[in-house]
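This is start.pdb. It holds PDB, C-alpha atoms.
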ATOM      1  CA  MET A 110     -47.303 -58.902  18.319
ATOM      2  CA  LYS A 111     -48.203 -55.244  18.904
ATOM      3  CA  LYS A 112     -44.642 -54.575  20.142
ATOM      4  CA  TYR A 113     -43.101 -56.046  16.972
ATOM      5  CA  PHE A 114     -45.501 -54.020  14.865
ATOM      6  CA  LEU A 115     -44.416 -50.762  16.588
ATOM      7  CA  TYR A 116     -40.730 -51.653  16.186
ATOM      8  CA  GLY A 117     -41.388 -52.282  12.507
ATOM      9  CA  ILE A 118     -42.984 -48.867  12.038
ATOM     10  CA  LEU A 119     -40.155 -47.175  13.942
ATOM     11  CA  ILE A 120     -37.462 -48.866  11.832
ATOM     12  CA  ALA A 121     -39.337 -48.010   8.628
ATOM     13  CA  ALA A 122     -39.644 -44.368   9.733
ATOM     14  CA  ILE A 123     -35.925 -44.141  10.552
ATOM     15  CA  LEU A 124     -34.979 -45.709   7.225
ATOM     16  CA  SER A 125     -37.270 -43.401   5.325
ATOM     17  CA  LEU A 126     -35.949 -40.326   7.203
ATOM     18  CA  THR A 127     -32.275 -41.197   6.649
ATOM     19  CA  GLY A 128     -33.068 -41.907   3.017
ATOM     20  CA  CYS A 129     -34.706 -38.514   2.739
ATOM     21  CA  VAL A 130     -31.778 -36.738   4.399
ATOM     22  CA  GLY A 131     -29.351 -38.617   2.162
ATOM     23  CA  GLN A 132     -31.357 -37.535  -0.856
ATOM     24  CA  ILE A 133     -31.273 -33.878   0.264
ATOM     25  CA  ILE A 134     -27.482 -34.021   0.838
ATOM     26  CA  ALA A 135     -26.987 -35.532  -2.606
ATOM     27  CA  SER A 136     -29.205 -32.938  -4.271
ATOM     28  CA  VAL A 137     -27.363 -30.038  -2.569
ATOM     29  CA  LYS A 138     -24.079 -31.531  -3.793
ATOM     30  CA  THR A 139     -25.516 -31.729  -7.309
ATOM     31  CA  LEU A 140     -26.562 -28.085  -7.120
ATOM     32  CA  GLU A 141     -23.075 -27.158  -5.933
ATOM     33  CA  THR A 142     -21.551 -29.046  -8.890
ATOM     34  CA  VAL A 143     -23.908 -27.474 -11.418
ATOM     35  CA  TRP A 144     -23.292 -23.957 -10.076
ATOM     36  CA  GLY A 145     -19.553 -24.664  -9.863
ATOM     37  CA  GLU A 146     -19.369 -25.681 -13.540
ATOM     38  CA  ASP A 147     -21.231 -22.534 -14.604
ATOM     39  CA  ASN A 148     -19.090 -20.386 -12.320
ATOM     40  CA  LEU A 149     -15.883 -21.785 -13.794
ATOM     41  CA  GLN A 150     -17.014 -20.737 -17.247
ATOM     42  CA  LEU A 151     -18.029 -17.319 -15.936
ATOM     43  CA  LYS A 152     -14.692 -16.903 -14.187
ATOM     44  CA  ASN A 153     -12.810 -17.666 -17.407
ATOM     45  CA  LYS A 154     -15.070 -15.330 -19.363
ATOM     46  CA  LEU A 155     -15.604 -12.449 -16.936
ATOM     47  CA  GLY A 156     -13.233 -12.930 -13.998
ATOM     48  CA  LEU A 157      -9.953 -12.008 -15.651
ATOM     49  CA  LYS A 158      -8.842  -8.730 -17.213
ATOM     50  CA  SER A 159      -5.593  -7.098 -18.291
ATOM     51  CA  TYR A 160      -4.863  -3.386 -18.187
ATOM     52  CA  ASP A 161      -1.970  -2.028 -20.204
ATOM     53  CA  GLY A 162      -0.087   0.972 -18.878
ATOM     54  CA  MET A 163      -1.313   0.499 -15.319
ATOM     55  CA  SER A 164       1.010  -0.357 -12.448
ATOM     56  CA  LYS A 165       0.203  -3.096  -9.958
ATOM     57  CA  GLU A 166       0.163  -0.556  -7.122
ATOM     58  CA  ASP A 167      -2.273   1.774  -8.915
ATOM     59  CA  ALA A 168      -4.503  -1.180  -9.757
ATOM     60  CA  MET A 169      -4.530  -2.405  -6.160
ATOM     61  CA  ASN A 170      -5.293   1.082  -4.833
ATOM     62  CA  ALA A 171      -8.164   1.474  -7.271
ATOM     63  CA  MET A 172      -9.532  -1.991  -6.456
ATOM     64  CA  ALA A 173      -9.409  -1.321  -2.702
ATOM     65  CA  ILE A 174     -11.478   1.852  -3.201
ATOM     66  CA  ALA A 175     -13.819   0.073  -5.603
ATOM     67  CA  CYS A 176     -14.389  -2.599  -2.941
ATOM     68  CA  GLN A 177     -15.287   0.044  -0.368
ATOM     69  CA  ARG A 178     -17.691   1.728  -2.757
ATOM     70  CA  LEU A 179     -19.375  -1.617  -3.391
ATOM     71  CA  ASP A 180     -19.756  -2.266   0.350
ATOM     72  CA  LEU A 181     -17.092  -4.963   0.341
ATOM     73  CA  LEU A 182     -14.936  -4.944   3.427
ATOM     74  CA  VAL A 183     -11.235  -5.407   2.670
ATOM     75  CA  GLU A 184     -10.221  -8.132   5.109
ATOM     76  CA  ASN A 185      -6.655  -8.730   3.994
ATOM     77  CA  ALA A 186      -4.263  -7.274   1.436
ATOM     78  CA  ASP A 187      -0.648  -7.696   0.445
ATOM     79  CA  PHE A 188       0.603  -5.051  -1.971
ATOM     80  CA  LYS A 189       3.944  -6.834  -2.428
ATOM     81  CA  VAL A 190       2.545 -10.239  -3.347
ATOM     82  CA  GLY A 191      -0.485  -8.682  -5.015
ATOM     83  CA  PHE A 192      -3.696  -9.884  -3.471
ATOM     84  CA  ILE A 193      -6.766  -8.437  -1.820
ATOM     85  CA  VAL A 194      -9.379 -10.413   0.097
ATOM     86  CA  ALA A 195     -12.712  -8.679   0.557
ATOM     87  CA  ASN A 196     -16.094  -9.830   1.749
ATOM     88  CA  ALA A 197     -19.618  -8.724   2.457
ATOM     89  CA  THR A 198     -22.774 -10.220   3.829
ATOM     90  CA  ALA A 199     -24.596 -11.828   0.907
ATOM     91  CA  PRO A 200     -26.208 -10.771  -1.371
ATOM     92  CA  ARG A 201     -23.974  -7.693  -1.350
ATOM     93  CA  PRO A 202     -22.432  -6.317  -3.548
ATOM     94  CA  LEU A 203     -25.738  -6.960  -5.284
ATOM     95  CA  ASN A 204     -28.466  -4.465  -4.512
ATOM     96  CA  ALA A 205     -32.079  -5.496  -3.879
ATOM     97  CA  GLU A 206     -33.110  -5.124  -7.526
ATOM     98  CA  GLU A 207     -30.180  -7.142  -8.791
ATOM     99  CA  PHE A 208     -30.814  -9.853  -6.230
ATOM    100  CA  GLU A 209     -34.432 -10.098  -7.369
ATOM    101  CA  VAL A 210     -33.126 -10.798 -10.876
ATOM    102  CA  VAL A 211     -30.870 -13.545  -9.478
ATOM    103  CA  LYS A 212     -33.799 -15.116  -7.627
ATOM    104  CA  THR A 213     -36.044 -15.002 -10.690
ATOM    105  CA  VAL A 214     -33.430 -16.631 -12.877
ATOM    106  CA  GLU A 215     -31.955 -19.178 -10.465
ATOM    107  CA  THR A 216     -34.927 -20.356  -8.392
ATOM    108  CA  PRO A 217     -36.540 -22.661 -11.003
ATOM    109  CA  ARG A 218     -33.279 -24.538 -11.665
ATOM    110  CA  ALA A 219     -32.284 -24.672  -7.982
ATOM    111  CA  LYS A 220     -35.712 -25.996  -6.965
ATOM    112  CA  SER A 221     -35.644 -28.594  -9.720
ATOM    113  CA  ILE A 222     -32.338 -29.925  -8.345
ATOM    114  CA  VAL A 223     -33.139 -29.433  -4.631
ATOM    115  CA  PRO A 224     -36.924 -29.885  -4.447
ATOM    116  CA  ILE A 225     -37.049 -30.077  -0.657
ATOM    117  CA  GLY A 226     -35.651 -27.359   1.565
ATOM    118  CA  PHE A 227     -34.215 -24.913  -0.963
ATOM    119  CA  THR A 228     -34.638 -21.313   0.232
ATOM    120  CA  TRP A 229     -33.029 -17.909  -0.215
ATOM    121  CA  ASP A 230     -33.983 -16.924   3.356
ATOM    122  CA  VAL A 231     -30.673 -18.136   4.809
ATOM    123  CA  LEU A 232     -28.599 -16.050   2.395
ATOM    124  CA  ASN A 233     -27.796 -13.468   5.068
ATOM    125  CA  ASP A 234     -25.969 -16.224   6.958
ATOM    126  CA  TYR A 235     -23.419 -16.272   4.153
ATOM    127  CA  ASN A 236     -20.529 -14.003   3.277
ATOM    128  CA  ASN A 237     -19.693 -13.297  -0.325
ATOM    129  CA  GLN A 238     -15.915 -13.595  -0.357
ATOM    130  CA  PHE A 239     -13.749 -12.257  -3.172
ATOM    131  CA  ASN A 240     -10.083 -12.934  -3.829
ATOM    132  CA  PHE A 241      -8.379 -10.474  -6.143
ATOM    133  CA  THR A 242      -4.934 -11.275  -7.483
ATOM    134  CA  PHE A 243      -2.730  -8.810  -9.326
ATOM    135  CA  LEU A 244       0.035  -9.977 -11.624
ATOM    136  CA  GLU A 245       2.532  -7.641 -13.241
ATOM    137  CA  THR A 246       2.823  -8.207 -16.965
ATOM    138  CA  GLY A 247       5.268  -6.617 -19.393
ATOM    139  CA  GLU A 248       2.689  -4.041 -20.463
ATOM    140  CA  GLY A 249       0.732  -3.521 -17.287
ATOM    141  CA  VAL A 250      -1.250  -5.617 -14.846
ATOM    142  CA  GLN A 251      -3.489  -8.670 -15.013
ATOM    143  CA  ILE A 252      -6.262  -8.923 -12.422
ATOM    144  CA  SER A 253      -8.298 -11.992 -11.607
ATOM    145  CA  ILE A 254     -11.292 -12.325  -9.323
ATOM    146  CA  ARG A 255     -12.452 -15.496  -7.593
ATOM    147  CA  ALA A 256     -15.708 -15.541  -5.651
ATOM    148  CA  ARG A 257     -17.094 -18.021  -3.152
ATOM    149  CA  LEU A 258     -19.747 -18.220  -0.481
ATOM    150  CA  GLU A 259     -18.728 -18.658   3.130
ATOM    151  CA  TYR A 260     -21.296 -19.939   5.625
ATOM    152  CA  ARG A 261     -20.861 -18.021   8.877
ATOM    153  CA  LYS A 262     -23.157 -19.960  11.173
ATOM    154  CA  ASN A 263     -22.558 -23.273  12.873
ATOM    155  CA  ASN A 264     -25.772 -25.090  12.178
ATOM    156  CA  PRO A 265     -25.332 -28.893  12.031
ATOM    157  CA  ASN A 266     -28.806 -29.295  10.520
ATOM    158  CA  TYR A 267     -27.992 -27.155   7.521
ATOM    159  CA  ILE A 268     -26.008 -28.179   4.433
ATOM    160  CA  PRO A 269     -24.146 -25.088   3.211
ATOM    161  CA  VAL A 270     -22.942 -24.408  -0.329
ATOM    162  CA  SER A 271     -19.791 -22.574  -1.328
ATOM    163  CA  GLU A 272     -20.579 -21.732  -4.943
ATOM    164  CA  PRO A 273     -22.529 -18.511  -5.479
ATOM    165  CA  PRO A 274     -25.515 -18.613  -7.832
ATOM    166  CA  PRO A 275     -24.084 -18.129 -11.362
ATOM    167  CA  LYS A 276     -26.499 -15.320 -12.234
ATOM    168  CA  ALA A 277     -25.165 -13.403  -9.218
ATOM    169  CA  LEU A 278     -21.611 -13.671 -10.535
ATOM    170  CA  GLU A 279     -22.788 -12.730 -13.996
ATOM    171  CA  ILE A 280     -23.863  -9.393 -12.498
ATOM    172  CA  ILE A 281     -21.138  -9.029  -9.847
ATOM    173  CA  TYR A 282     -18.068  -9.461 -12.084
ATOM    174  CA  PRO A 283     -18.989  -6.641 -14.499
ATOM    175  CA  LYS A 284     -20.143  -4.528 -11.548
ATOM    176  CA  ILE A 285     -16.728  -4.828  -9.893
ATOM    177  CA  TRP A 286     -14.853  -4.146 -13.152
ATOM    178  CA  ASN A 287     -17.004  -1.119 -13.874
ATOM    179  CA  GLU A 288     -16.374   0.367 -10.430
ATOM    180  CA  PHE A 289     -12.663  -0.432 -10.623
ATOM    181  CA  GLU A 290     -12.277   1.141 -14.080
ATOM    182  CA  LYS A 291     -14.183   4.223 -12.949
ATOM    183  CA  ILE A 292     -11.946   4.698  -9.895
ATOM    184  CA  ALA A 293      -8.798   4.098 -11.976
ATOM    185  CA  PHE A 294     -10.033   6.649 -14.528
ATOM    186  CA  ILE A 295     -10.722   9.270 -11.836
ATOM    187  CA  GLN A 296      -7.394   8.622 -10.090
ATOM    188  CA  ASN A 297      -5.508   8.846 -13.376
ATOM    189  CA  LYS A 298      -7.117  12.182 -14.239
ATOM    190  CA  THR A 299      -6.997  13.828 -10.827
ATOM    191  CA  LEU A 300      -4.016  12.477  -8.914
ATOM    192  CA  LYS A 301      -1.310  12.823 -11.555
TER
ATOM    193  CA  MET B 202     -72.292  39.188  -2.824
ATOM    194  CA  LYS B 203     -71.953  35.452  -3.463
ATOM    195  CA  ARG B 204     -71.206  36.136  -7.118
ATOM    196  CA  LEU B 205     -68.563  38.688  -6.175
ATOM    197  CA  ILE B 206     -66.785  36.158  -3.945
ATOM    198  CA  LEU B 207     -66.954  33.555  -6.722
ATOM    199  CA  ALA B 208     -65.520  36.039  -9.226
ATOM    200  CA  LEU B 209     -62.716  36.926  -6.812
ATOM    201  CA  ILE B 210     -61.849  33.251  -6.344
ATOM    202  CA  ILE B 211     -61.722  32.721 -10.125
ATOM    203  CA  VAL B 212     -59.518  35.819 -10.601
ATOM    204  CA  ALA B 213     -57.247  34.612  -7.768
ATOM    205  CA  CYS B 214     -56.971  31.189  -9.403
ATOM    206  CA  PHE B 215     -55.993  32.752 -12.719
ATOM    207  CA  LEU B 216     -53.407  34.943 -10.998
ATOM    208  CA  VAL B 217     -51.858  31.989  -9.139
ATOM    209  CA  THR B 218     -51.680  29.714 -12.199
ATOM    210  CA  GLY B 219     -50.372  32.645 -14.215
ATOM    211  CA  CYS B 220     -47.560  33.133 -11.671
ATOM    212  CA  VAL B 221     -46.692  29.481 -11.595
ATOM    213  CA  GLN B 222     -46.516  29.242 -15.372
ATOM    214  CA  SER B 223     -44.660  32.446 -16.071
ATOM    215  CA  SER B 224     -41.829  31.834 -13.642
ATOM    216  CA  PRO B 225     -39.940  29.003 -15.415
ATOM    217  CA  ASN B 226     -40.476  30.548 -18.851
ATOM    218  CA  THR B 227     -38.660  33.696 -17.749
ATOM    219  CA  ASN B 228     -35.749  31.599 -16.468
ATOM    220  CA  ILE B 229     -35.479  29.623 -19.665
ATOM    221  CA  GLN B 230     -35.432  32.771 -21.778
ATOM    222  CA  ASN B 231     -32.633  34.267 -19.692
ATOM    223  CA  ALA B 232     -30.508  31.160 -19.474
ATOM    224  CA  PRO B 233     -28.226  30.327 -22.406
ATOM    225  CA  ILE B 234     -28.398  26.626 -21.587
ATOM    226  CA  THR B 235     -31.578  24.780 -20.652
ATOM    227  CA  LYS B 236     -31.525  23.528 -17.104
ATOM    228  CA  ASN B 237     -31.499  19.779 -16.782
ATOM    229  CA  GLU B 238     -34.038  19.290 -13.992
ATOM    230  CA  ASN B 239     -33.339  15.647 -13.156
ATOM    231  CA  GLY B 240     -29.550  15.903 -13.233
ATOM    232  CA  ASN B 241     -29.210  13.244 -15.920
ATOM    233  CA  ILE B 242     -25.998  13.353 -17.886
ATOM    234  CA  THR B 243     -25.551  11.733 -21.258
ATOM    235  CA  TYR B 244     -22.508  11.398 -23.498
ATOM    236  CA  GLY B 245     -24.264  13.498 -26.140
ATOM    237  CA  MET B 246     -25.088  16.309 -23.706
ATOM    238  CA  VAL B 247     -21.494  16.574 -22.565
ATOM    239  CA  LYS B 248     -20.157  16.590 -26.126
ATOM    240  CA  LYS B 249     -22.743  19.105 -27.288
ATOM    241  CA  HIS B 250     -22.624  21.620 -24.469
ATOM    242  CA  ILE B 251     -19.110  21.654 -23.061
ATOM    243  CA  VAL B 252     -16.780  23.836 -25.101
ATOM    244  CA  ILE B 253     -13.167  24.132 -23.984
ATOM    245  CA  GLY B 254     -12.217  27.764 -23.315
ATOM    246  CA  LYS B 255     -15.841  28.926 -23.376
ATOM    247  CA  THR B 256     -18.167  27.013 -21.021
ATOM    248  CA  SER B 257     -18.230  28.393 -17.473
ATOM    249  CA  GLN B 258     -18.877  26.752 -14.105
ATOM    250  CA  GLU B 259     -22.277  28.454 -14.054
ATOM    251  CA  ASP B 260     -23.194  26.827 -17.366
ATOM    252  CA  ILE B 261     -22.068  23.426 -16.072
ATOM    253  CA  ILE B 262     -24.222  23.779 -12.944
ATOM    254  CA  LYS B 263     -27.212  24.737 -15.069
ATOM    255  CA  LEU B 264     -26.627  21.658 -17.180
ATOM    256  CA  PHE B 265     -25.767  18.954 -14.690
ATOM    257  CA  GLY B 266     -26.368  20.429 -11.221
ATOM    258  CA  SER B 267     -23.779  20.390  -8.460
ATOM    259  CA  PRO B 268     -20.772  18.140  -8.969
ATOM    260  CA  ASP B 269     -20.516  14.923  -6.992
ATOM    261  CA  ASN B 270     -16.855  15.548  -6.155
ATOM    262  CA  MET B 271     -14.551  18.552  -6.335
ATOM    263  CA  VAL B 272     -10.761  18.696  -6.282
ATOM    264  CA  MET B 273      -8.651  21.847  -5.926
ATOM    265  CA  LYS B 274      -5.255  21.528  -7.608
ATOM    266  CA  LYS B 275      -2.832  24.442  -8.029
ATOM    267  CA  ASN B 276      -5.679  27.013  -7.721
ATOM    268  CA  LYS B 277      -7.619  25.183 -10.399
ATOM    269  CA  GLU B 278     -10.787  23.271  -9.756
ATOM    270  CA  ILE B 279     -11.619  19.810 -11.014
ATOM    271  CA  TRP B 280     -15.246  18.770 -10.909
ATOM    272  CA  ILE B 281     -16.326  15.162 -11.057
ATOM    273  CA  TYR B 282     -19.778  13.965 -12.029
ATOM    274  CA  ASP B 283     -20.470  10.314 -11.315
ATOM    275  CA  ARG B 284     -23.968   9.269 -12.342
ATOM    276  CA  PHE B 285     -25.801   6.060 -13.111
ATOM    277  CA  ARG B 286     -29.076   4.959 -14.593
ATOM    278  CA  VAL B 287     -30.770   1.602 -14.032
ATOM    279  CA  GLU B 288     -32.771  -0.055 -16.759
ATOM    280  CA  ASN B 289     -34.887  -3.085 -15.944
ATOM    281  CA  SER B 290     -36.334  -5.354 -18.542
ATOM    282  CA  SER B 291     -38.295  -8.528 -18.264
ATOM    283  CA  SER B 292     -39.930 -10.847 -20.710
ATOM    284  CA  SER B 293     -41.710 -14.049 -20.009
ATOM    285  CA  SER B 294     -43.057 -16.885 -22.045
ATOM    286  CA  SER B 295     -45.198 -19.777 -21.003
ATOM    287  CA  GLY B 296     -45.201 -23.098 -22.664
ATOM    288  CA  TYR B 297     -48.215 -25.345 -22.438
ATOM    289  CA  GLY B 298     -49.118 -28.300 -24.560
ATOM    290  CA  THR B 299     -48.311 -31.896 -24.015
ATOM    291  CA  LEU B 300     -46.835 -31.065 -20.614
ATOM    292  CA  ILE B 301     -50.137 -29.834 -19.263
ATOM    293  CA  LEU B 302     -51.673 -33.204 -20.061
ATOM    294  CA  LEU B 303     -49.165 -34.718 -17.705
ATOM    295  CA  GLY B 304     -50.162 -32.278 -15.022
ATOM    296  CA  GLY B 305     -47.409 -29.731 -15.484
ATOM    297  CA  SER B 306     -46.565 -26.579 -17.304
ATOM    298  CA  SER B 307     -43.347 -24.830 -18.184
ATOM    299  CA  ASN B 308     -42.712 -21.199 -17.527
ATOM    300  CA  THR B 309     -39.590 -19.351 -18.518
ATOM    301  CA  SER B 310     -38.891 -15.759 -17.700
ATOM    302  CA  ASN B 311     -35.951 -13.634 -18.643
ATOM    303  CA  THR B 312     -35.341 -10.771 -16.296
ATOM    304  CA  SER B 313     -32.369  -8.515 -16.512
ATOM    305  CA  THR B 314     -31.126  -5.304 -15.021
ATOM    306  CA  HIS B 315     -28.686  -3.043 -16.771
ATOM    307  CA  THR B 316     -26.920  -0.160 -15.087
ATOM    308  CA  LYS B 317     -25.329   2.535 -17.199
ATOM    309  CA  THR B 318     -22.698   4.731 -15.613
ATOM    310  CA  ILE B 319     -21.153   7.960 -16.798
ATOM    311  CA  THR B 320     -18.206   9.733 -15.212
ATOM    312  CA  VAL B 321     -17.251  13.226 -16.349
ATOM    313  CA  ILE B 322     -14.153  14.999 -15.102
ATOM    314  CA  ILE B 323     -14.029  18.710 -15.904
ATOM    315  CA  ASP B 324     -10.877  20.786 -15.419
ATOM    316  CA  PHE B 325     -11.356  24.538 -14.979
ATOM    317  CA  ASP B 326      -8.803  27.314 -15.371
ATOM    318  CA  GLU B 327      -8.281  30.151 -12.830
ATOM    319  CA  GLU B 328     -11.212  32.068 -14.400
ATOM    320  CA  SER B 329     -13.523  29.087 -13.855
ATOM    321  CA  ILE B 330     -13.777  28.346 -17.569
ATOM    322  CA  VAL B 331     -13.510  24.771 -18.853
ATOM    323  CA  GLU B 332      -9.876  23.999 -19.646
ATOM    324  CA  ASP B 333     -10.284  20.308 -20.409
ATOM    325  CA  PHE B 334     -12.754  17.510 -19.859
ATOM    326  CA  ASN B 335     -12.659  13.730 -19.870
ATOM    327  CA  MET B 336     -15.495  11.291 -19.906
ATOM    328  CA  ARG B 337     -15.991   7.596 -19.298
ATOM    329  CA  VAL B 338     -19.172   5.687 -20.101
ATOM    330  CA  GLY B 339     -19.537   2.240 -18.600
ATOM    331  CA  GLY B 340     -22.133  -0.241 -17.547
ATOM    332  CA  TYR B 341     -22.916  -3.719 -16.353
TER
END
Starting from the file, give its structure as structure tokens.
Amino acid sequence: MKKYFLYGILIAAILSLTGCVGQIIASVKTLETVWGEDNLQLKNKLGLKSYDGMSKEDAMNAMAIACQRLDLLVENADFKVGFIVANATAPRPLNAEEFEVVKTVETPRAKSIVPIGFTWDVLNDYNNQFNFTFLETGEGVQISIRARLEYRKNNPNYIPVSEPPPKALEIIYPKIWNEFEKIAFIQNKTLK
Amino acid sequence: MKRLILALIIVACFLVTGCVQSSPNTNIQNAPITKNENGNITYGMVKKHIVIGKTSQEDIIKLFGSPDNMVMKKNKEIWIYDRFRVENSSSSSSGYGTLILLGGSSNTSNTSTHTKTITVIIDFDEESIVEDFNMRVGGY
């Protein structure tokens, strides 16, 4: 009788644990979807810009320097095709103050979707990866930026996300454009 | 004797404070442009104080301090000032009412950070007088 009782408790515990884990996985996926939807809107709104009178080569040079100045490491670039891949340990290119803003804004929503286990402490295990593409247009160049999170560690007990917090992108996109435009302005006035 | 020492200390204090106060006043009177102590640059300052063909490198240093970058091109100098200013703002509102009866409360806070950047490129002629200047104001 006692044996059956113990088996019963064990089975109940396993079922409750797997249910809990399943619930956490589902909630992380929901968070990823919610952030992804917001990020798509942000990308359409802030992630694309056209510059008339600027060559693709000048734009790529300026963006490569802008990346360096923002602590983004250029990992790959093809000046012929027109792309740059750059990354940095998250939360860079955000500084500490900007990241505090992201935490303040995003934590309530994130915790409401993922009530168990959500934390910013693992953020340093992620890379912020940025893909820049440069398209020649009749008048100049069109640049688009796509951002995603890349989990660097191999932790089977952790469910990683790939969408950055939307508030982070809301700050990062304009920050990148501002740096790029500044470098392009300086290069235009000093190198020619 | 004690009074004499006390009087000497008071006189010394007056002399020291007098020195400290008089020094910057003399500088301001001699300088044509007021020195910008914190190195802040604004669009208005640049427009107001930089005059093509008149403003010298000395005036620019008094205004904005040392440049952040310098370029020498065909014996002419180009100075670049690249500055930024961070503005933080936060507002919060708390909502209580029926929610608190259910054992909860709602708190919303809006925090934002705004960085303003200004880039000034100043071209000098061979006599170190401003030949041209360009400015870009940005932010995020």
Output as a PyMOL selection string the set of chain B residues within 12 Å of chain A, with distances taken over all atoms listed in the file.
chain B and resi 270-275+277-285+287-293+307-324+333-341
Keeping only C-alpha atoms, write those residues as a compact mmCIF listing (two decimals), in the coordinates of the input.
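Below is the file again03.txt, written as the result:
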# COMPACT_ATOMS: atom_id res chain seq x y z
CA ASN B 270 -16.86 15.55 -6.16
CA MET B 271 -14.55 18.55 -6.34
CA VAL B 272 -10.76 18.70 -6.28
CA MET B 273 -8.65 21.85 -5.93
CA LYS B 274 -5.26 21.53 -7.61
CA LYS B 275 -2.83 24.44 -8.03
CA LYS B 277 -7.62 25.18 -10.40
CA GLU B 278 -10.79 23.27 -9.76
CA ILE B 279 -11.62 19.81 -11.01
CA TRP B 280 -15.25 18.77 -10.91
CA ILE B 281 -16.33 15.16 -11.06
CA TYR B 282 -19.78 13.96 -12.03
CA ASP B 283 -20.47 10.31 -11.32
CA ARG B 284 -23.97 9.27 -12.34
CA PHE B 285 -25.80 6.06 -13.11
CA VAL B 287 -30.77 1.60 -14.03
CA GLU B 288 -32.77 -0.06 -16.76
CA ASN B 289 -34.89 -3.08 -15.94
CA SER B 290 -36.33 -5.35 -18.54
CA SER B 291 -38.30 -8.53 -18.26
CA SER B 292 -39.93 -10.85 -20.71
CA SER B 293 -41.71 -14.05 -20.01
CA SER B 307 -43.35 -24.83 -18.18
CA ASN B 308 -42.71 -21.20 -17.53
CA THR B 309 -39.59 -19.35 -18.52
CA SER B 310 -38.89 -15.76 -17.70
CA ASN B 311 -35.95 -13.63 -18.64
CA THR B 312 -35.34 -10.77 -16.30
CA SER B 313 -32.37 -8.52 -16.51
CA THR B 314 -31.13 -5.30 -15.02
CA HIS B 315 -28.69 -3.04 -16.77
CA THR B 316 -26.92 -0.16 -15.09
CA LYS B 317 -25.33 2.54 -17.20
CA THR B 318 -22.70 4.73 -15.61
CA ILE B 319 -21.15 7.96 -16.80
CA THR B 320 -18.21 9.73 -15.21
CA VAL B 321 -17.25 13.23 -16.35
CA ILE B 322 -14.15 15.00 -15.10
CA ILE B 323 -14.03 18.71 -15.90
CA ASP B 324 -10.88 20.79 -15.42
CA ASP B 333 -10.28 20.31 -20.41
CA PHE B 334 -12.75 17.51 -19.86
CA ASN B 335 -12.66 13.73 -19.87
CA MET B 336 -15.50 11.29 -19.91
CA ARG B 337 -15.99 7.60 -19.30
CA VAL B 338 -19.17 5.69 -20.10
CA GLY B 339 -19.54 2.24 -18.60
CA GLY B 340 -22.13 -0.24 -17.55
CA TYR B 341 -22.92 -3.72 -16.35
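Residues matched by the PyMOL selection byres ((chain A and resi 202) around 8) in this structure: Leu179, Asp180, Leu181, Ala197, Ala199, Pro200, Arg201, Leu203, Asn204 and Ile281 of chain A.
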To one decimal place, how far is atom CA of Leu140 of chain A from atom CA of Asn196 of chain A in Å?
22.8 Å
Report, in Å to a single decimal, how far apart atom CA of Pro224 of chain A and atom CA of Phe239 of chain A are.
29.1 Å
Counting all atoms listed in the file, which residue out of A:Val190, A:Ala219, A:Leu232, A:Ala277 sits closest to Val137 of chain A?
A:Ala219
Picked residues, the PyMOL selection byres ((chain A and resi 143-159) around 7), as a list in words:
Thr139, Leu140, Glu141, Thr142, Tyr160, Asp161, Val250, Gln251, Ile252, Ser253, Ile254, Arg255, Glu272, Pro274, Pro275, Glu279 and Tyr282 of chain A
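Counting from atom CA of Ala256 of chain A, the distance to atom CA of Thr242 of chain A is 11.7 Å.
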